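So this one's work-v1.pdb, PDB, C-alpha atoms and all ligand atoms:
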MODEL        1
ATOM      1  CA  MET Z   1       0.000   0.000   0.000  1.00  0.00           C
ATOM      2  CA  PRO Z   2       1.328   3.495  -0.796  1.00  0.00           C
ATOM      3  CA  ALA Z   3       2.862   5.326   2.152  1.00  0.00           C
ATOM      4  CA  SER Z   4       0.522   8.254   1.517  1.00  0.00           C
ATOM      5  CA  VAL Z   5      -2.470   6.044   2.315  1.00  0.00           C
ATOM      6  CA  THR Z   6      -0.895   5.003   5.589  1.00  0.00           C
ATOM      7  CA  ILE Z   7      -0.290   8.587   6.529  1.00  0.00           C
ATOM      8  CA  LEU Z   8      -3.773   9.630   5.601  1.00  0.00           C
ATOM      9  CA  LEU Z   9      -5.564   7.020   7.662  1.00  0.00           C
ATOM     10  CA  LYS Z  10      -3.931   8.338  10.794  1.00  0.00           C
ATOM     11  CA  THR Z  11      -6.045  10.567  12.956  1.00  0.00           C
ATOM     12  CA  ALA Z  12      -5.012  13.230  15.387  1.00  0.00           C
ATOM     13  CA  ILE Z  13      -7.600  12.102  17.882  1.00  0.00           C
ATOM     14  CA  GLY Z  14      -5.339   9.708  19.734  1.00  0.00           C
ATOM     15  CA  ARG Z  15      -5.726   6.009  20.397  1.00  0.00           C
ATOM     16  CA  GLN Z  16      -8.948   4.379  19.356  1.00  0.00           C
ATOM     17  CA  SER Z  17      -9.967   0.990  18.014  1.00  0.00           C
ATOM     18  CA  CYS Z  18      -9.216  -0.206  14.479  1.00  0.00           C
ATOM     19  CA  LEU Z  19     -12.402  -0.262  12.373  1.00  0.00           C
ATOM     20  CA  LEU Z  20     -11.667  -3.814  11.243  1.00  0.00           C
ATOM     21  CA  CYS Z  21     -10.032  -5.777  14.057  1.00  0.00           C
ATOM     22  CA  TYR Z  22     -10.970  -3.512  17.002  1.00  0.00           C
ATOM     23  CA  GLN Z  23      -7.451  -3.552  18.411  1.00  0.00           C
ATOM     24  CA  SER Z  24      -6.284  -0.340  19.979  1.00  0.00           C
ATOM     25  CA  SER Z  25      -4.814   1.821  17.230  1.00  0.00           C
ATOM     26  CA  ASP Z  26      -3.666   5.376  16.558  1.00  0.00           C
ATOM     27  CA  GLU Z  27      -5.264   5.103  13.146  1.00  0.00           C
ATOM     28  CA  LEU Z  28      -8.707   4.337  11.768  1.00  0.00           C
ATOM     29  CA  LEU Z  29      -7.176   1.162  10.361  1.00  0.00           C
ATOM     30  CA  CYS Z  30      -4.316  -0.476  12.226  1.00  0.00           C
ATOM     31  CA  PRO Z  31      -1.094  -1.192  10.316  1.00  0.00           C
ATOM     32  CA  TRP Z  32      -1.922  -4.915  10.028  1.00  0.00           C
ATOM     33  CA  CYS Z  33      -5.355  -4.272   8.527  1.00  0.00           C
ATOM     34  CA  GLN Z  34      -3.882  -1.658   6.201  1.00  0.00           C
ATOM     35  CA  GLN Z  35      -1.697  -4.421   4.832  1.00  0.00           C
ATOM     36  CA  ASP Z  36      -4.879  -6.310   3.873  1.00  0.00           C
ATOM     37  CA  LEU Z  37      -6.111  -3.517   1.603  1.00  0.00           C
ATOM     38  CA  CYS Z  38      -5.790  -4.843  -1.942  1.00  0.00           C
ATOM     39  CA  LEU Z  39      -6.059  -1.614  -3.882  1.00  0.00           C
ATOM     40  CA  PHE Z  40      -6.177  -1.262  -7.663  1.00  0.00           C
ATOM     41  CA  ASN Z  41      -3.059  -0.171  -9.502  1.00  0.00           C
ATOM     42  CA  LEU Z  42      -4.744   2.788 -11.187  1.00  0.00           C
ATOM     43  CA  GLN Z  43      -1.582   4.045 -12.774  1.00  0.00           C
ATOM     44  CA  ALA Z  44      -1.490   0.854 -14.858  1.00  0.00           C
ATOM     45  CA  CYS Z  45      -4.858   1.710 -16.440  1.00  0.00           C
ATOM     46  CA  SER Z  46      -4.198   5.452 -16.834  1.00  0.00           C
ATOM     47  CA  TYR Z  47      -6.596   6.262 -13.994  1.00  0.00           C
ATOM     48  CA  ASN Z  48      -9.583   4.856 -15.850  1.00  0.00           C
ATOM     49  CA  LEU Z  49     -10.861   1.393 -14.895  1.00  0.00           C
ATOM     50  CA  LEU Z  50     -12.907   1.282 -18.112  1.00  0.00           C
ATOM     51  CA  LEU Z  51      -9.618   0.555 -19.874  1.00  0.00           C
ATOM     52  CA  TRP Z  52      -9.213  -2.628 -17.790  1.00  0.00           C
ATOM     53  CA  PRO Z  53     -11.086  -5.424 -19.655  1.00  0.00           C
ATOM     54  CA  LYS Z  54     -11.807  -7.356 -16.456  1.00  0.00           C
ATOM     55  CA  ILE Z  55     -13.762  -4.396 -15.078  1.00  0.00           C
ATOM     56  CA  ARG Z  56     -15.196  -3.101 -18.352  1.00  0.00           C
ATOM     57  CA  GLN Z  57     -16.713  -6.451 -19.353  1.00  0.00           C
ATOM     58  CA  GLY Z  58     -18.735  -6.668 -16.167  1.00  0.00           C
ATOM     59  CA  LEU Z  59     -20.457  -3.341 -16.677  1.00  0.00           C
ATOM     60  CA  GLY Z  60     -22.329  -3.786 -19.971  1.00  0.00           C
ATOM     61  CA  GLU Z  61     -23.434  -0.544 -21.562  1.00  0.00           C
ATOM     62  CA  ILE Z  62     -21.901   2.581 -20.051  1.00  0.00           C
ATOM     63  CA  ARG Z  63     -22.882   6.246 -20.236  1.00  0.00           C
ATOM     64  CA  TYR Z  64     -19.768   7.829 -18.742  1.00  0.00           C
ATOM     65  CA  GLN Z  65     -16.169   8.460 -19.726  1.00  0.00           C
ATOM     66  CA  ARG Z  66     -14.212   7.304 -16.697  1.00  0.00           C
ATOM     67  CA  LEU Z  67     -14.502   4.969 -13.714  1.00  0.00           C
ATOM     68  CA  LEU Z  68     -12.355   5.246 -10.610  1.00  0.00           C
ATOM     69  CA  ALA Z  69     -12.463   2.922  -7.585  1.00  0.00           C
ATOM     70  CA  CYS Z  70     -10.151   1.913  -4.762  1.00  0.00           C
ATOM     71  CA  GLY Z  71     -10.506  -1.851  -5.137  1.00  0.00           C
ATOM     72  CA  GLU Z  72     -12.771  -4.866  -5.450  1.00  0.00           C
ATOM     73  CA  TYR Z  73     -15.684  -5.456  -3.115  1.00  0.00           C
ATOM     74  CA  GLN Z  74     -13.920  -7.974  -0.924  1.00  0.00           C
ATOM     75  CA  TRP Z  75     -12.259  -8.057   2.475  1.00  0.00           C
ATOM     76  CA  PRO Z  76     -11.599  -5.597   3.981  1.00  0.00           C
ATOM     77  CA  LEU Z  77     -13.367  -2.966   1.834  1.00  0.00           C
ATOM     78  CA  ASP Z  78     -16.627  -4.935   2.053  1.00  0.00           C
ATOM     79  CA  LYS Z  79     -16.617  -4.790   5.833  1.00  0.00           C
ATOM     80  CA  LEU Z  80     -15.865  -1.063   5.836  1.00  0.00           C
ATOM     81  CA  ILE Z  81     -18.688  -0.396   3.346  1.00  0.00           C
ATOM     82  CA  LYS Z  82     -21.174  -2.551   5.276  1.00  0.00           C
ATOM     83  CA  GLY Z  83     -20.234  -0.675   8.435  1.00  0.00           C
ATOM     84  CA  LEU Z  84     -20.804   2.597   6.614  1.00  0.00           C
ATOM     85  CA  LYS Z  85     -24.177   1.543   5.241  1.00  0.00           C
ATOM     86  CA  PHE Z  86     -25.751  -0.416   8.057  1.00  0.00           C
ATOM     87  CA  SER Z  87     -24.027   0.855  11.208  1.00  0.00           C
ATOM     88  CA  ARG Z  88     -24.040   4.479  10.025  1.00  0.00           C
ATOM     89  CA  SER Z  89     -20.525   4.862  11.293  1.00  0.00           C
ATOM     90  CA  PRO Z  90     -19.061   8.301  10.563  1.00  0.00           C
ATOM     91  CA  ARG Z  91     -15.609   6.833  11.171  1.00  0.00           C
ATOM     92  CA  ASN Z  92     -16.183   4.425   8.280  1.00  0.00           C
ATOM     93  CA  ALA Z  93     -17.302   7.309   6.043  1.00  0.00           C
ATOM     94  CA  ARG Z  94     -14.180   9.201   6.933  1.00  0.00           C
ATOM     95  CA  ALA Z  95     -11.858   6.218   6.442  1.00  0.00           C
ATOM     96  CA  LEU Z  96     -13.331   5.318   3.043  1.00  0.00           C
ATOM     97  CA  ALA Z  97     -13.441   8.889   1.743  1.00  0.00           C
ATOM     98  CA  ASP Z  98      -9.876   9.460   2.912  1.00  0.00           C
ATOM     99  CA  LEU Z  99      -8.789   6.235   1.264  1.00  0.00           C
ATOM    100  CA  PHE Z 100     -10.364   7.335  -2.034  1.00  0.00           C
ATOM    101  CA  TYR Z 101      -8.824  10.762  -1.750  1.00  0.00           C
ATOM    102  CA  GLU Z 102      -5.328   9.448  -1.072  1.00  0.00           C
ATOM    103  CA  HIS Z 103      -5.310   6.430  -3.368  1.00  0.00           C
ATOM    104  CA  VAL Z 104      -7.100   8.077  -6.289  1.00  0.00           C
ATOM    105  CA  LEU Z 105      -7.478  11.830  -6.210  1.00  0.00           C
ATOM    106  CA  THR Z 106      -4.040  12.880  -5.073  1.00  0.00           C
ATOM    107  CA  HIS Z 107      -2.542  11.183  -8.144  1.00  0.00           C
ATOM    108  CA  TYR Z 108      -5.042  12.228 -10.752  1.00  0.00           C
ATOM    109  CA  ARG Z 109      -5.745  15.530 -12.551  1.00  0.00           C
ATOM    110  CA  PRO Z 110      -7.679  17.359 -13.809  1.00  0.00           C
ATOM    111  CA  TRP Z 111     -10.541  16.748 -11.407  1.00  0.00           C
ATOM    112  CA  PRO Z 112     -14.152  17.258 -12.439  1.00  0.00           C
ATOM    113  CA  GLN Z 113     -15.730  20.495 -11.287  1.00  0.00           C
ATOM    114  CA  ALA Z 114     -18.344  19.080  -8.898  1.00  0.00           C
ATOM    115  CA  ILE Z 115     -19.329  15.897  -7.047  1.00  0.00           C
ATOM    116  CA  ILE Z 116     -22.868  14.521  -7.377  1.00  0.00           C
ATOM    117  CA  PRO Z 117     -23.588  12.033  -4.574  1.00  0.00           C
ATOM    118  CA  VAL Z 118     -26.063   9.318  -5.612  1.00  0.00           C
ATOM    119  CA  PRO Z 119     -29.284  10.351  -3.866  1.00  0.00           C
ATOM    120  CA  LEU Z 120     -31.257   8.080  -1.612  1.00  0.00           C
ATOM    121  CA  HIS Z 121     -35.018   7.934  -2.029  1.00  0.00           C
ATOM    122  CA  PRO Z 122     -36.698  10.188   0.588  1.00  0.00           C
ATOM    123  CA  SER Z 123     -38.691   7.261   2.016  1.00  0.00           C
ATOM    124  CA  ARG Z 124     -35.505   5.268   2.554  1.00  0.00           C
ATOM    125  CA  TYR Z 125     -33.861   8.325   4.070  1.00  0.00           C
ATOM    126  CA  ARG Z 126     -36.801   8.683   6.459  1.00  0.00           C
ATOM    127  CA  THR Z 127     -36.292   5.063   7.526  1.00  0.00           C
ATOM    128  CA  ARG Z 128     -32.521   5.210   7.837  1.00  0.00           C
ATOM    129  CA  HIS Z 129     -32.026   8.923   8.607  1.00  0.00           C
ATOM    130  CA  TYR Z 130     -28.715   8.455   6.904  1.00  0.00           C
ATOM    131  CA  ASN Z 131     -27.293   8.635   3.380  1.00  0.00           C
ATOM    132  CA  GLN Z 132     -23.943   6.887   3.441  1.00  0.00           C
ATOM    133  CA  THR Z 133     -22.873   8.321   0.089  1.00  0.00           C
ATOM    134  CA  MET Z 134     -23.560  11.864   1.273  1.00  0.00           C
ATOM    135  CA  GLU Z 135     -21.419  11.267   4.364  1.00  0.00           C
ATOM    136  CA  MET Z 136     -18.482  10.256   2.170  1.00  0.00           C
ATOM    137  CA  ALA Z 137     -19.177  13.146  -0.218  1.00  0.00           C
ATOM    138  CA  LYS Z 138     -18.977  15.660   2.619  1.00  0.00           C
ATOM    139  CA  ARG Z 139     -15.592  14.313   3.622  1.00  0.00           C
ATOM    140  CA  LEU Z 140     -14.333  14.378   0.027  1.00  0.00           C
ATOM    141  CA  HIS Z 141     -15.515  17.973  -0.220  1.00  0.00           C
ATOM    142  CA  GLN Z 142     -13.503  18.781   2.908  1.00  0.00           C
ATOM    143  CA  ARG Z 143     -10.395  17.123   1.507  1.00  0.00           C
ATOM    144  CA  SER Z 144     -10.592  18.294  -2.114  1.00  0.00           C
ATOM    145  CA  GLY Z 145     -12.486  21.579  -1.918  1.00  0.00           C
ATOM    146  CA  LEU Z 146     -14.730  20.362  -4.769  1.00  0.00           C
ATOM    147  CA  PRO Z 147     -18.352  21.534  -4.420  1.00  0.00           C
ATOM    148  CA  LEU Z 148     -21.171  19.047  -3.907  1.00  0.00           C
ATOM    149  CA  ALA Z 149     -23.960  19.338  -6.465  1.00  0.00           C
ATOM    150  CA  GLU Z 150     -27.248  17.929  -5.205  1.00  0.00           C
ATOM    151  CA  VAL Z 151     -28.985  18.268  -8.538  1.00  0.00           C
ATOM    152  CA  CYS Z 152     -31.065  15.076  -8.652  1.00  0.00           C
ATOM    153  CA  LYS Z 153     -33.443  13.142  -6.491  1.00  0.00           C
ATOM    154  CA  ARG Z 154     -35.117   9.773  -6.685  1.00  0.00           C
ATOM    155  CA  HIS Z 155     -38.793   9.956  -7.407  1.00  0.00           C
ATOM    156  CA  LYS Z 156     -39.618   6.293  -7.148  1.00  0.00           C
ATOM    157  CA  ALA Z 157     -39.053   4.035  -4.154  1.00  0.00           C
ATOM    158  CA  THR Z 158     -36.672   1.426  -5.508  1.00  0.00           C
ATOM    159  CA  GLN Z 159     -36.370  -2.041  -4.046  1.00  0.00           C
ATOM    160  CA  ALA Z 160     -32.934  -2.823  -2.626  1.00  0.00           C
ATOM    161  CA  GLN Z 161     -30.777  -3.543  -5.690  1.00  0.00           C
ATOM    162  CA  THR Z 162     -28.938  -6.414  -4.050  1.00  0.00           C
ATOM    163  CA  GLU Z 163     -32.188  -8.432  -3.947  1.00  0.00           C
ATOM    164  CA  LEU Z 164     -32.758  -8.252  -7.703  1.00  0.00           C
ATOM    165  CA  THR Z 165     -31.547  -9.881 -10.911  1.00  0.00           C
ATOM    166  CA  GLY Z 166     -29.977  -7.769 -13.652  1.00  0.00           C
ATOM    167  CA  ALA Z 167     -33.239  -7.423 -15.632  1.00  0.00           C
ATOM    168  CA  GLN Z 168     -35.171  -6.614 -12.469  1.00  0.00           C
ATOM    169  CA  ARG Z 169     -32.582  -3.994 -11.544  1.00  0.00           C
ATOM    170  CA  ARG Z 170     -33.022  -2.244 -14.881  1.00  0.00           C
ATOM    171  CA  ARG Z 171     -36.824  -2.236 -14.536  1.00  0.00           C
ATOM    172  CA  ASN Z 172     -36.567  -1.078 -10.952  1.00  0.00           C
ATOM    173  CA  LEU Z 173     -34.336   1.823 -11.862  1.00  0.00           C
ATOM    174  CA  ARG Z 174     -35.974   3.003 -15.078  1.00  0.00           C
ATOM    175  CA  GLN Z 175     -36.566   6.726 -14.644  1.00  0.00           C
ATOM    176  CA  ALA Z 176     -35.755   6.445 -10.958  1.00  0.00           C
ATOM    177  CA  PHE Z 177     -34.145   9.898 -10.881  1.00  0.00           C
ATOM    178  CA  ILE Z 178     -35.268  13.386 -11.795  1.00  0.00           C
ATOM    179  CA  LEU Z 179     -33.245  16.554 -12.187  1.00  0.00           C
ATOM    180  CA  THR Z 180     -34.186  19.140  -9.565  1.00  0.00           C
ATOM    181  CA  ARG Z 181     -31.569  21.845 -10.158  1.00  0.00           C
ATOM    182  CA  PRO Z 182     -29.387  23.060 -13.025  1.00  0.00           C
ATOM    183  CA  VAL Z 183     -25.951  21.505 -13.425  1.00  0.00           C
ATOM    184  CA  PRO Z 184     -23.639  24.527 -13.436  1.00  0.00           C
ATOM    185  CA  VAL Z 185     -20.482  22.823 -14.801  1.00  0.00           C
ATOM    186  CA  GLN Z 186     -19.265  20.755 -17.781  1.00  0.00           C
ATOM    187  CA  ARG Z 187     -17.541  17.912 -15.909  1.00  0.00           C
ATOM    188  CA  VAL Z 188     -18.982  16.062 -12.930  1.00  0.00           C
ATOM    189  CA  ALA Z 189     -18.150  13.049 -10.792  1.00  0.00           C
ATOM    190  CA  ILE Z 190     -21.003  10.845  -9.597  1.00  0.00           C
ATOM    191  CA  LEU Z 191     -20.123   9.330  -6.234  1.00  0.00           C
ATOM    192  CA  ASP Z 192     -21.433   5.968  -4.981  1.00  0.00           C
ATOM    193  CA  ASP Z 193     -20.138   3.551  -2.364  1.00  0.00           C
ATOM    194  CA  ILE Z 194     -20.146   0.464  -4.588  1.00  0.00           C
ATOM    195  CA  ILE Z 195     -20.753  -0.302  -8.263  1.00  0.00           C
ATOM    196  CA  THR Z 196     -22.442  -3.624  -8.943  1.00  0.00           C
ATOM    197  CA  THR Z 197     -24.029  -3.868 -12.400  1.00  0.00           C
ATOM    198  CA  GLY Z 198     -23.755  -0.132 -12.979  1.00  0.00           C
ATOM    199  CA  THR Z 199     -27.513   0.204 -13.598  1.00  0.00           C
ATOM    200  CA  THR Z 200     -28.050   2.768 -10.826  1.00  0.00           C
ATOM    201  CA  ILE Z 201     -25.269   4.907 -12.219  1.00  0.00           C
ATOM    202  CA  ASN Z 202     -26.504   4.545 -15.805  1.00  0.00           C
ATOM    203  CA  SER Z 203     -29.989   5.607 -14.758  1.00  0.00           C
ATOM    204  CA  LEU Z 204     -28.601   8.725 -13.123  1.00  0.00           C
ATOM    205  CA  CYS Z 205     -26.370   9.423 -16.147  1.00  0.00           C
ATOM    206  CA  ASP Z 206     -29.398   9.117 -18.457  1.00  0.00           C
ATOM    207  CA  VAL Z 207     -31.236  11.866 -16.621  1.00  0.00           C
ATOM    208  CA  LEU Z 208     -28.218  14.167 -16.606  1.00  0.00           C
ATOM    209  CA  LEU Z 209     -27.487  13.559 -20.290  1.00  0.00           C
ATOM    210  CA  GLN Z 210     -31.115  14.125 -21.303  1.00  0.00           C
ATOM    211  CA  HIS Z 211     -30.730  17.692 -20.049  1.00  0.00           C
ATOM    212  CA  TYR Z 212     -27.026  18.184 -20.748  1.00  0.00           C
ATOM    213  CA  PRO Z 213     -25.997  16.000 -23.717  1.00  0.00           C
ATOM    214  CA  ASP Z 214     -22.410  17.293 -23.654  1.00  0.00           C
ATOM    215  CA  LEU Z 215     -21.882  16.777 -19.940  1.00  0.00           C
ATOM    216  CA  GLN Z 216     -18.726  14.811 -19.158  1.00  0.00           C
ATOM    217  CA  ILE Z 217     -19.324  12.289 -16.399  1.00  0.00           C
ATOM    218  CA  GLU Z 218     -16.954  10.157 -14.400  1.00  0.00           C
ATOM    219  CA  ILE Z 219     -17.847   7.694 -11.705  1.00  0.00           C
ATOM    220  CA  TRP Z 220     -16.158   7.627  -8.340  1.00  0.00           C
ATOM    221  CA  THR Z 221     -16.769   4.639  -6.127  1.00  0.00           C
ATOM    222  CA  ILE Z 222     -15.035   2.878  -3.281  1.00  0.00           C
ATOM    223  CA  ALA Z 223     -15.393  -0.623  -4.670  1.00  0.00           C
ATOM    224  CA  VAL Z 224     -16.552  -2.569  -7.702  1.00  0.00           C
ATOM    225  CA  SER Z 225     -18.269  -5.878  -7.144  1.00  0.00           C
ATOM    226  CA  PRO Z 226     -16.444  -9.022  -8.293  1.00  0.00           C
ATOM    227  CA  LEU Z 227     -19.837 -10.664  -9.012  1.00  0.00           C
ATOM    228  CA  HIS Z 228     -19.694  -9.392 -12.553  1.00  0.00           C
ATOM    229  CA  GLN Z 229     -16.102 -10.089 -13.426  1.00  0.00           C
TER     230      GLN Z 229
HETATM  231 ZN    ZN Z 301      -6.893  -3.727  12.459  1.00  0.00          ZN
ENDMDL
END
Just dump the structure as structure tokens.
Amino acid sequence: MPASVTILLKTAIGRQSCLLCYQSSDELLCPWCQQDLCLFNLQACSYNLLLWPKIRQGLGEIRYQRLLACGEYQWPLDKLIKGLKFSRSPRNARALADLFYEHVLTHYRPWPQAIIPVPLHPSRYRTRHYNQTMEMAKRLHQRSGLPLAEVCKRHKATQAQTELTGAQRRRNLRQAFILTRPVPVQRVAILDDIITTGTTINSLCDVLLQHYPDLQIEIWTIAVSPLHQ
């Protein structure tokens, strides 16, 4: 793992427990668990995972120009993402956003001009009172200075994607988003915690491109699922 990632995951708060093994640690992830992070070599694919056949083949049709992720959805990223989603842990949001910032953004330019976090449907937000993607987006905004653009919302309650087949996912997500505000820039990054089939992202891209056909879109995500590779 790059030294910069190790440095970044340190906190100034003092000793706490590692998010993965719960041992006392000065860092959000202890040095042993940091060794377990199998991160993508993004330099080898020119900072675009769409150029890596293994990843590209699993995504089917795409509506965006670039895909960036830290690694595959496997230990230990899967545990950190589950903790973010289901335990609503702000420490997980911080660790994952910092990991993305250090492993991806510090090495890659030019950045898009704004970050669009994938919105949660209001009914799901009312149940959870938490949007894990927004928590990571806020941290990335802090680190990068890039503005957050909340320009879309979901207008249909969608069934949890993980429970559905590919065809069901596409039906479930058809026209799931609507544009609520103008997009004030030419290049945007859509942020999600994990990319599975890419149908959620494509649905969001469709809405943006309907209104802004020349918009350049890249996808930022913590992990891509190995289910489709
Ligand atoms: Zn640990």
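With all atoms listed in the file counted, the chains near ligand ZN 301 (chain Z) contribute these residues within 10 Å: Ser17, Cys18, Leu19, Leu20, Cys21, Tyr22, Gln23, Ser24, Ser25, Glu27, Leu28, Leu29, Cys30, Pro31, Trp32, Cys33, Gln34, Gln35, Asp36 and Pro76 of chain Z.
Considering all atoms listed in the file, the residue among Z:Thr106, Z:Gln216, Z:Gln43, Z:Thr221 positioned nearest to Z:Ile201 is Z:Thr221.
Nearest to Z:Tyr73 of all the residues Z:Ile217, Z:Leu37, Z:Leu204, Z:Cys152 is Z:Leu37, counting only C-alpha atoms.
Comparing Z:Asp192, Z:Asp206, Z:Glu61, Z:Asp78 by their smallest distance to Z:Ile115, the closest is Z:Asp192 (using all atoms listed in the file).
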> Do you know which residues the PyMOL selection byres (((chain Z and resi 215) around 10) and not hetatm) returns on this file, as a list in words?
Replying inline: Tyr64, Val183, Val185, Gln186, Arg187, Val188, Cys205, Leu208, Leu209, Gln210, His211, Tyr212, Pro213, Asp214, Gln216, Ile217 and Glu218 of chain Z
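Going from atom CA of Z:Arg109 over to atom CA of Z:Leu146, you cover 12.8 Å.
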>> I need the output of the PyMOL selection byres (((chain Z and resi 95) around 9) and not hetatm) for this file as number ranges by chain; which residues are they?
In response: Z: 8-9, 19, 28-29, 80, 90-94, 96-100, 136
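The space between atom CA of Z:Gly60 and atom CA of Z:Thr200 spans 12.6 Å.
Checking Z:Ala223, Z:Phe86, Z:Arg154, Z:Gln142 one by one against Z:Phe40, counting only C-alpha atoms, you find the shortest gap at Z:Ala223.
Interatomic distance, atom CA of Z:Ser203 against atom CA of Z:Glu150: 15.8 Å.
Among Z:Leu67, Z:Leu39, Z:Val118, Z:Leu148, the residue with the shortest atom-to-atom distance to Z:Leu51, counting all atoms listed in the file, is Z:Leu67.
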>> I need the output of the PyMOL selection byres (((chain Z and resi 112) around 7) and not hetatm) for this file as a ChimeraX atom specification; which residues are they?
In response: /Z:110-111,113-114,187-189
>> Considering all atoms listed in the file, can you say which of Z:Leu42, Z:Ala137, Z:Ile62, Z:Cys70 comes closest to Z:Thr197?
In response: Z:Ile62
